[in-house]
>>> print(open('query_30.txt').read())   # compact mmCIF, C-alpha atoms
# COMPACT_ATOMS: atom_id res chain seq x y z
CA MET A 1 -18.18 18.00 3.54
CA SER A 2 -18.84 15.16 1.08
CA GLY A 3 -22.33 13.75 0.71
CA PRO A 4 -23.44 10.09 0.57
CA LEU A 5 -22.39 7.72 -2.18
CA SER A 6 -24.37 8.33 -5.36
CA SER A 7 -22.42 6.56 -8.10
CA ALA A 8 -19.64 4.02 -8.47
CA GLY A 9 -17.79 2.99 -11.59
CA TYR A 10 -14.80 3.86 -13.73
CA GLY A 11 -13.86 7.36 -14.76
CA PRO A 12 -11.31 10.15 -14.36
CA ALA A 13 -9.97 11.27 -10.98
CA GLY A 14 -7.44 14.06 -10.68
CA ALA A 15 -4.42 14.17 -8.42
CA ASP A 16 -5.67 16.78 -5.95
CA GLU A 17 -9.17 15.34 -5.60
CA SER A 18 -7.73 11.84 -5.13
CA VAL A 19 -5.65 13.14 -2.21
CA ARG A 20 -8.66 14.83 -0.62
CA ALA A 21 -10.87 11.77 -1.12
CA SER A 22 -8.29 9.39 0.32
CA ARG A 23 -7.83 11.52 3.41
CA SER A 24 -11.57 11.71 4.07
CA HIS A 25 -12.22 8.07 3.23
CA TRP A 26 -9.57 6.65 5.55
CA ASP A 27 -10.42 9.06 8.36
CA VAL A 28 -13.93 7.60 8.36
CA ALA A 29 -13.02 3.99 7.58
CA SER A 30 -10.06 3.63 9.94
CA SER A 31 -11.95 2.04 12.84
CA THR A 32 -14.09 -0.37 10.84
CA TYR A 33 -11.12 -1.34 8.66
CA LEU A 34 -9.14 -2.55 11.66
CA GLU A 35 -12.17 -4.20 13.20
CA GLU A 36 -12.59 -6.23 10.02
CA HIS A 37 -8.94 -6.97 9.19
CA GLY A 38 -7.08 -6.52 12.47
CA ALA A 39 -6.71 -10.28 13.02
CA THR A 40 -4.71 -10.54 9.78
CA LEU A 41 -2.75 -7.31 10.17
CA GLY A 42 -1.88 -7.72 13.84
CA THR A 43 -0.12 -4.94 15.74
CA ASP A 44 3.53 -5.39 14.74
CA VAL A 45 3.50 -7.74 11.74
CA LEU A 46 4.45 -6.71 8.21
CA VAL A 47 1.90 -8.44 5.95
CA TRP A 48 2.33 -7.88 2.22
CA GLY A 49 -1.26 -8.63 1.20
CA PRO A 50 -4.48 -10.56 1.77
CA GLU A 51 -2.72 -13.85 0.98
CA GLY A 52 -0.99 -13.49 4.35
CA LEU A 53 2.64 -13.44 3.18
CA THR A 54 4.70 -11.82 5.96
CA GLU A 55 8.11 -10.18 5.89
CA ASP A 56 9.34 -12.73 8.42
CA GLU A 57 8.78 -15.36 5.72
CA ALA A 58 9.75 -13.42 2.61
CA HIS A 59 12.70 -11.15 3.62
CA LEU A 60 11.84 -8.67 0.85
CA LEU A 61 13.48 -5.85 2.80
CA GLY A 62 16.76 -7.77 2.95
CA ASP A 63 18.44 -9.35 5.93
CA PRO A 64 16.50 -8.36 9.08
CA ALA A 65 19.80 -8.06 10.96
CA ASP A 66 20.79 -5.19 8.64
CA LEU A 67 17.82 -3.11 9.86
CA ALA A 68 19.35 -2.48 13.27
CA GLY A 69 20.09 1.23 13.56
CA ALA A 70 18.84 1.99 10.04
CA VAL A 71 16.22 4.62 9.24
CA VAL A 72 13.23 2.74 7.81
CA VAL A 73 10.18 4.55 6.41
CA GLU A 74 6.73 3.03 5.98
CA VAL A 75 4.91 5.00 3.28
CA GLY A 76 1.13 4.97 3.66
CA CYS A 77 1.62 3.30 7.03
CA GLY A 78 -2.02 3.13 8.12
CA ALA A 79 -1.93 1.96 11.73
CA GLY A 80 1.85 1.45 11.57
CA GLN A 81 2.01 -2.33 11.85
CA GLY A 82 4.93 -2.52 9.42
CA ALA A 83 6.87 0.32 11.03
CA ARG A 84 6.33 -1.35 14.40
CA TRP A 85 7.68 -4.62 12.95
CA ALA A 86 10.83 -2.77 11.83
CA ALA A 87 11.22 -1.03 15.19
CA ARG A 88 11.15 -4.38 16.98
CA ARG A 89 14.15 -5.37 14.88
CA GLY A 90 16.14 -2.35 15.98
CA ALA A 91 15.35 0.02 13.12
CA ARG A 92 14.78 3.73 13.58
CA ALA A 93 11.33 3.38 12.04
CA VAL A 94 8.89 6.11 11.08
CA GLY A 95 5.46 5.91 9.50
CA VAL A 96 3.89 8.44 7.12
CA ASP A 97 0.20 8.51 6.29
CA LEU A 98 -2.31 10.96 4.87
CA SER A 99 -5.10 10.08 7.30
CA ALA A 100 -5.32 11.43 10.84
CA GLY A 101 -7.82 8.68 11.58
CA MET A 102 -5.38 5.93 10.66
CA LEU A 103 -2.59 7.60 12.63
CA ALA A 104 -4.87 7.72 15.66
CA ARG A 105 -5.27 3.95 15.29
CA SER A 106 -1.47 3.71 15.14
CA ARG A 107 -1.12 5.51 18.46
CA ALA A 108 -3.69 3.14 19.99
CA LEU A 109 -1.70 0.14 18.75
CA ASP A 110 1.47 1.69 20.20
CA ALA A 111 -0.15 1.47 23.61
CA ALA A 112 -1.56 -2.01 23.04
CA SER A 113 1.67 -3.49 21.70
CA GLY A 114 4.18 -1.71 23.90
CA THR A 115 6.15 -0.57 20.84
CA ALA A 116 5.77 3.09 19.87
CA VAL A 117 6.78 4.42 16.45
CA PRO A 118 6.81 8.08 15.41
CA VAL A 119 4.31 8.92 12.69
CA LEU A 120 3.92 11.91 10.39
CA GLN A 121 0.74 13.05 8.67
CA ALA A 122 1.59 13.86 5.06
CA ASP A 123 0.81 13.04 1.46
CA ALA A 124 3.18 10.40 0.05
CA GLY A 125 3.87 12.79 -2.80
CA ALA A 126 5.45 15.27 -0.36
CA LEU A 127 7.31 13.28 2.28
CA PRO A 128 8.49 15.51 5.17
CA LEU A 129 11.87 13.80 5.34
CA ALA A 130 15.42 14.82 4.43
CA ASP A 131 17.18 13.78 1.24
CA GLY A 132 18.97 10.45 1.53
CA CYS A 133 17.95 9.90 5.14
CA ALA A 134 16.62 6.34 4.88
CA ARG A 135 18.17 2.98 4.08
CA VAL A 136 14.84 1.23 3.52
CA ALA A 137 11.35 2.34 2.50
CA PHE A 138 8.33 0.14 2.05
CA SER A 139 4.59 0.23 1.57
CA ALA A 140 2.08 -2.61 1.94
CA TYR A 141 -0.97 -1.55 -0.07
CA GLY A 142 -0.39 2.00 1.16
CA ALA A 143 -0.59 5.24 -0.80
CA LEU A 144 0.26 3.99 -4.29
CA PRO A 145 -3.10 2.39 -5.19
CA PHE A 146 -4.88 5.61 -4.25
CA THR A 147 -2.72 8.24 -5.93
CA ALA A 148 -3.17 9.63 -9.42
CA ASP A 149 0.49 10.71 -9.36
CA ALA A 150 2.46 7.50 -8.86
CA ALA A 151 5.49 9.09 -10.52
CA GLY A 152 5.48 11.84 -7.90
CA VAL A 153 5.36 9.34 -5.03
CA LEU A 154 8.18 7.26 -6.53
CA GLY A 155 10.23 10.42 -6.99
CA GLU A 156 9.80 11.30 -3.33
CA VAL A 157 10.77 7.80 -2.19
CA HIS A 158 13.87 7.99 -4.40
CA ARG A 159 14.75 11.36 -2.85
CA VAL A 160 14.60 10.19 0.77
CA LEU A 161 16.49 6.92 0.18
CA GLU A 162 20.26 6.69 0.32
CA PRO A 163 22.04 5.28 -2.77
CA HIS A 164 21.35 1.55 -3.18
CA GLY A 165 18.58 1.79 -0.59
CA ARG A 166 15.77 -0.78 -0.72
CA TRP A 167 12.24 0.15 -1.81
CA THR A 168 9.56 -2.56 -1.59
CA PHE A 169 5.84 -2.03 -2.14
CA SER A 170 2.71 -4.10 -2.75
CA VAL A 171 -0.44 -3.30 -4.70
CA SER A 172 -3.39 -5.22 -6.07
CA HIS A 173 -2.04 -7.36 -8.88
CA PRO A 174 -2.73 -5.38 -12.07
CA VAL A 175 -4.32 -8.36 -13.83
CA ARG A 176 -7.10 -8.31 -11.24
CA TRP A 177 -8.43 -5.11 -12.78
CA ALA A 178 -9.83 -7.15 -15.67
CA PHE A 179 -12.00 -9.13 -13.24
CA PRO A 180 -14.91 -8.07 -11.01
CA ASP A 181 -14.11 -7.54 -7.34
CA ASP A 182 -15.99 -10.66 -6.28
CA PRO A 183 -14.55 -13.46 -4.10
CA GLY A 184 -16.85 -16.06 -5.70
CA PRO A 185 -17.04 -17.68 -9.14
CA GLN A 186 -18.09 -14.38 -10.78
CA GLY A 187 -14.66 -13.05 -9.87
CA LEU A 188 -13.04 -15.57 -12.23
CA VAL A 189 -14.60 -14.17 -15.39
CA ALA A 190 -12.88 -11.17 -17.01
CA GLU A 191 -15.25 -8.34 -17.84
CA ARG A 192 -12.97 -5.36 -18.48
CA SER A 193 -9.88 -4.67 -20.52
CA TYR A 194 -6.65 -5.01 -18.57
CA PHE A 195 -5.39 -2.08 -20.62
CA ASP A 196 -8.17 0.30 -19.53
CA ARG A 197 -6.41 2.58 -17.04
CA ALA A 198 -9.56 4.38 -15.89
CA PRO A 199 -9.55 4.42 -12.06
CA TYR A 200 -12.38 3.03 -9.99
CA VAL A 201 -14.24 5.99 -8.47
CA GLU A 202 -17.11 6.65 -6.10
CA ARG A 203 -18.83 10.06 -6.14
CA ASP A 204 -21.58 11.85 -4.24
CA ASP A 205 -24.69 13.57 -5.66
CA ASP A 206 -22.72 16.73 -6.44
CA GLY A 207 -20.01 14.84 -8.27
CA GLY A 208 -17.53 15.10 -5.39
CA LEU A 209 -15.01 12.30 -5.25
CA LEU A 210 -15.42 10.02 -2.23
CA TYR A 211 -12.95 7.27 -3.16
CA ALA A 212 -10.52 6.55 -5.97
CA GLU A 213 -8.29 3.59 -6.73
CA HIS A 214 -5.91 3.81 -9.67
CA HIS A 215 -4.80 1.10 -12.09
CA ARG A 216 -1.40 0.64 -13.75
CA THR A 217 -0.38 -2.39 -15.79
CA LEU A 218 2.74 -4.36 -14.89
CA GLY A 219 4.52 -2.64 -17.76
CA ASP A 220 3.42 0.76 -16.48
CA TRP A 221 4.96 0.01 -13.08
CA VAL A 222 8.24 -1.20 -14.59
CA ARG A 223 8.55 1.95 -16.69
CA LEU A 224 7.59 4.25 -13.78
CA LEU A 225 10.21 2.63 -11.56
CA GLY A 226 12.91 2.94 -14.21
CA ARG A 227 12.14 6.60 -14.84
CA ALA A 228 12.21 7.32 -11.11
CA GLY A 229 15.69 5.85 -10.77
CA PHE A 230 14.99 2.37 -9.41
CA ARG A 231 16.19 -1.06 -10.48
CA LEU A 232 13.60 -3.80 -10.19
CA VAL A 233 15.23 -6.61 -8.20
CA ASP A 234 12.25 -8.96 -7.91
CA LEU A 235 8.52 -9.18 -8.55
CA VAL A 236 6.73 -11.41 -6.06
CA GLU A 237 3.22 -12.76 -6.70
CA PRO A 238 2.18 -14.43 -3.43
CA GLU A 239 0.18 -17.63 -3.74
CA TRP A 240 -2.82 -18.40 -1.56
CA THR A 241 -1.25 -21.25 0.41
CA ARG A 242 -3.12 -21.03 3.72
CA PRO A 243 -6.52 -22.79 3.66
CA ASP A 244 -7.58 -20.88 6.80
CA GLN A 245 -6.66 -17.44 5.44
CA PRO A 246 -9.87 -15.35 5.63
CA THR A 247 -11.55 -13.85 2.59
CA TRP A 248 -10.69 -10.15 2.26
CA GLY A 249 -13.04 -8.25 -0.02
CA GLY A 250 -12.45 -9.68 -3.50
CA TRP A 251 -9.50 -11.81 -2.34
CA SER A 252 -10.40 -15.40 -1.52
CA ALA A 253 -9.04 -18.94 -1.57
CA LEU A 254 -11.13 -19.67 -4.67
CA ARG A 255 -9.69 -16.79 -6.65
CA GLY A 256 -6.24 -17.37 -5.21
CA GLU A 257 -6.18 -20.85 -6.76
CA HIS A 258 -6.44 -19.30 -10.22
CA LEU A 259 -5.28 -15.68 -10.20
CA PRO A 260 -2.57 -13.63 -8.50
CA GLY A 261 -4.09 -11.14 -6.09
CA THR A 262 -1.04 -9.11 -5.05
CA ALA A 263 2.11 -7.86 -6.77
CA VAL A 264 5.11 -6.99 -4.59
CA PHE A 265 7.83 -4.92 -6.29
CA VAL A 266 11.30 -5.19 -4.74
CA CYS A 267 13.56 -2.36 -5.91
CA GLU A 268 16.96 -0.76 -5.39
CA ARG A 269 17.56 2.98 -5.60
CA LEU A 270 20.09 3.82 -8.29
CA GLY A 271 22.38 6.84 -8.44
CA ARG A 272 24.77 8.53 -6.08
>>> encode(input="query_30.txt", output="structure tokens")
Amino acid sequence: MSGPLSSAGYGPAGADESVRASRSHWDVASSTYLEEHGATLGTDVLVWGPEGLTEDEAHLLGDPADLAGAVVVEVGCGAGQGARWAARRGARAVGVDLSAGMLARSRALDAASGTAVPVLQADAGALPLADGCARVAFSAYGALPFTADAAGVLGEVHRVLEPHGRWTFSVSHPVRWAFPDDPGPQGLVAERSYFDRAPYVERDDDGGLLYAEHHRTLGDWVRLLGRAGFRLVDLVEPEWTRPDQPTWGGWSALRGEHLPGTAVFVCERLGR
């Protein structure tokens, strides 16, 4: 059992301890996270980031009509809002998440929304799905920011997608790592090197990892995707266009006027 937060900063975090920390963190945070952000995330809306860009607006998964009957996988699904969005469009949707707490929230939203989606508890680096079973996979701030082994996750997504399948995922825009996580004016002044890949970590008194978030540059992501067998189709940097969009942690209208907050990678699986 992890102890209380003792230190926060930048330093190493291994693959296995990142998995354990993410599971524990989201088990505990699942309820408060939805209490704070549920109005933005909804129950069956696919929102790509704090700017509020939705899949209904962006069509980053392709033509919604093509989802009917297709197997669609939400990786790091949280409470399954995205998978539920796909299911409402006729997809055979499934969500995968590491956290039992988040999946419990998903089951509660099934009941509240009237749309149930199957969910599986698993690490994104070991998806319990058959080779080539899915036409589309996506992740909205799920799994990838919290894993030390992004290559392993991308390899698993490639494995479960059929040839030419669509893979779309969003993460914090890499440039934001040079700036403090502050929604006010302080968040507009760079204080770290963009090229410093040290993850942000929180540890307890015994040095146990409580939380880890990992940084890759834009170039890192492009190379990782190419090595995993994906073609980058588009890179979307949503603008903060809604004056009434609520502040979300370090994301705010002020910062959104000057800096991209989210990067959405739209990819196609290569190979036979």
>>> atom_distance(input="query_30.txt", atom1="atom CA of A:Leu34", atom2="atom CA of A:His214")
22.5 Å
>>> residues_around(input="query_30.txt", residues="A:Val71", least_positions_apart="5", cutoff="6 Å", atoms="all atoms listed in the file", output="list in words")
Arg92, Ala93, Ala134 and Arg135 of chain A
>>> residues_around(input="query_30.txt", residues="stretch 154-164 of chain A", least_positions_apart="5", cutoff="9 Å", atoms="all atoms listed in the file", output="number ranges by chain")
A: 75, 124-127, 129-137, 144, 149, 224-225, 227-230, 268-272
>>> residues_around(input="query_30.txt", residues="A:Leu61", least_positions_apart="2", cutoff="10 Å", atoms="only C-alpha atoms", output="MDAnalysis selection string")
chainID A and resid 55:56 58:59 63:64 66:67 72 86 136:138 165:169 266:267
>>> atom_distance(input="query_30.txt", atom1="atom CA of A:Pro185", atom2="atom CA of A:Ala212")
25.3 Å
>>> atom_distance(input="query_30.txt", atom1="atom CA of A:Leu218", atom2="atom CA of A:Ser172")
10.8 Å
>>> closest_residue(input="query_30.txt", among="A:Ala198, A:Ala116, A:Ala140, A:Ala87", to="A:Ala68", atoms="only C-alpha atoms")
A:Ala87
>>> closest_residue(input="query_30.txt", among="A:Val94, A:Ala151, A:Leu235, A:Val201", to="A:Gln81", atoms="only C-alpha atoms")
A:Val94
>>> closest_residue(input="query_30.txt", among="A:Thr43, A:Ser106, A:Thr147, A:Thr54", to="A:Arg20", atoms="only C-alpha atoms")
A:Thr147
>>> axis_aligned_box(input="query_30.txt", around="stretch 261-265 of chain A", padding_each_side="8 Å", output="JSON")
{"center_x": 1.9, "center_y": -8.0, "center_z": -5.7, "size_x": 27.9, "size_y": 22.2, "size_z": 18.2}
>>> closest_residue(input="query_30.txt", among="A:Ala143, A:Leu46, A:Leu259, A:Leu209", to="A:Leu188", atoms="all atoms listed in the file")
A:Leu259
>>> closest_residue(input="query_30.txt", among="A:Pro246, A:Pro199, A:Gly114, A:Pro238", to="A:Ala148", atoms="only C-alpha atoms")
A:Pro199
>>> closest_residue(input="query_30.txt", among="A:Gly250, A:Pro183, A:Gly226, A:Gly208", to="A:Ala13", atoms="only C-alpha atoms")
A:Gly208
>>> build_atoms(input="query_30.txt", residues="stretch 157-170 of chain A", atoms="N, CA and C atoms", output="PDB file, in the coordinates of the input")
ATOM      1  N   VAL A 157      10.103   8.931  -2.834  1.00  0.00           N
ATOM      2  CA  VAL A 157      10.770   7.800  -2.190  1.00  0.00           C
ATOM      3  C   VAL A 157      12.240   7.757  -2.612  1.00  0.00           C
ATOM      4  N   HIS A 158      12.495   7.965  -3.900  1.00  0.00           N
ATOM      5  CA  HIS A 158      13.870   7.990  -4.400  1.00  0.00           C
ATOM      6  C   HIS A 158      14.668   9.084  -3.686  1.00  0.00           C
ATOM      7  N   ARG A 159      14.059  10.222  -3.479  1.00  0.00           N
ATOM      8  CA  ARG A 159      14.750  11.360  -2.850  1.00  0.00           C
ATOM      9  C   ARG A 159      15.166  11.043  -1.425  1.00  0.00           C
ATOM     10  N   VAL A 160      14.308  10.392  -0.648  1.00  0.00           N
ATOM     11  CA  VAL A 160      14.600  10.190   0.770  1.00  0.00           C
ATOM     12  C   VAL A 160      15.473   8.962   1.023  1.00  0.00           C
ATOM     13  N   LEU A 161      15.644   8.090   0.014  1.00  0.00           N
ATOM     14  CA  LEU A 161      16.490   6.920   0.180  1.00  0.00           C
ATOM     15  C   LEU A 161      17.948   7.250  -0.095  1.00  0.00           C
ATOM     16  N   GLU A 162      18.842   6.579   0.616  1.00  0.00           N
ATOM     17  CA  GLU A 162      20.260   6.690   0.320  1.00  0.00           C
ATOM     18  C   GLU A 162      20.567   5.836  -0.919  1.00  0.00           C
ATOM     19  N   PRO A 163      21.684   6.096  -1.608  1.00  0.00           N
ATOM     20  CA  PRO A 163      22.040   5.280  -2.770  1.00  0.00           C
ATOM     21  C   PRO A 163      22.056   3.793  -2.438  1.00  0.00           C
ATOM     22  N   HIS A 164      21.469   3.004  -3.330  1.00  0.00           N
ATOM     23  CA  HIS A 164      21.350   1.550  -3.180  1.00  0.00           C
ATOM     24  C   HIS A 164      20.394   1.155  -2.057  1.00  0.00           C
ATOM     25  N   GLY A 165      19.593   2.111  -1.583  1.00  0.00           N
ATOM     26  CA  GLY A 165      18.580   1.790  -0.590  1.00  0.00           C
ATOM     27  C   GLY A 165      17.497   0.893  -1.181  1.00  0.00           C
ATOM     28  N   ARG A 166      16.806   0.176  -0.313  1.00  0.00           N
ATOM     29  CA  ARG A 166      15.770  -0.780  -0.720  1.00  0.00           C
ATOM     30  C   ARG A 166      14.389  -0.128  -0.675  1.00  0.00           C
ATOM     31  N   TRP A 167      13.612  -0.342  -1.736  1.00  0.00           N
ATOM     32  CA  TRP A 167      12.240   0.150  -1.810  1.00  0.00           C
ATOM     33  C   TRP A 167      11.358  -1.027  -2.225  1.00  0.00           C
ATOM     34  N   THR A 168      10.438  -1.423  -1.347  1.00  0.00           N
ATOM     35  CA  THR A 168       9.560  -2.560  -1.590  1.00  0.00           C
ATOM     36  C   THR A 168       8.119  -2.127  -1.348  1.00  0.00           C
ATOM     37  N   PHE A 169       7.244  -2.425  -2.314  1.00  0.00           N
ATOM     38  CA  PHE A 169       5.840  -2.030  -2.140  1.00  0.00           C
ATOM     39  C   PHE A 169       4.926  -3.069  -2.775  1.00  0.00           C
ATOM     40  N   SER A 170       3.719  -3.182  -2.212  1.00  0.00           N
ATOM     41  CA  SER A 170       2.710  -4.100  -2.750  1.00  0.00           C
ATOM     42  C   SER A 170       1.461  -3.329  -3.137  1.00  0.00           C
TER      43      SER A 170
END
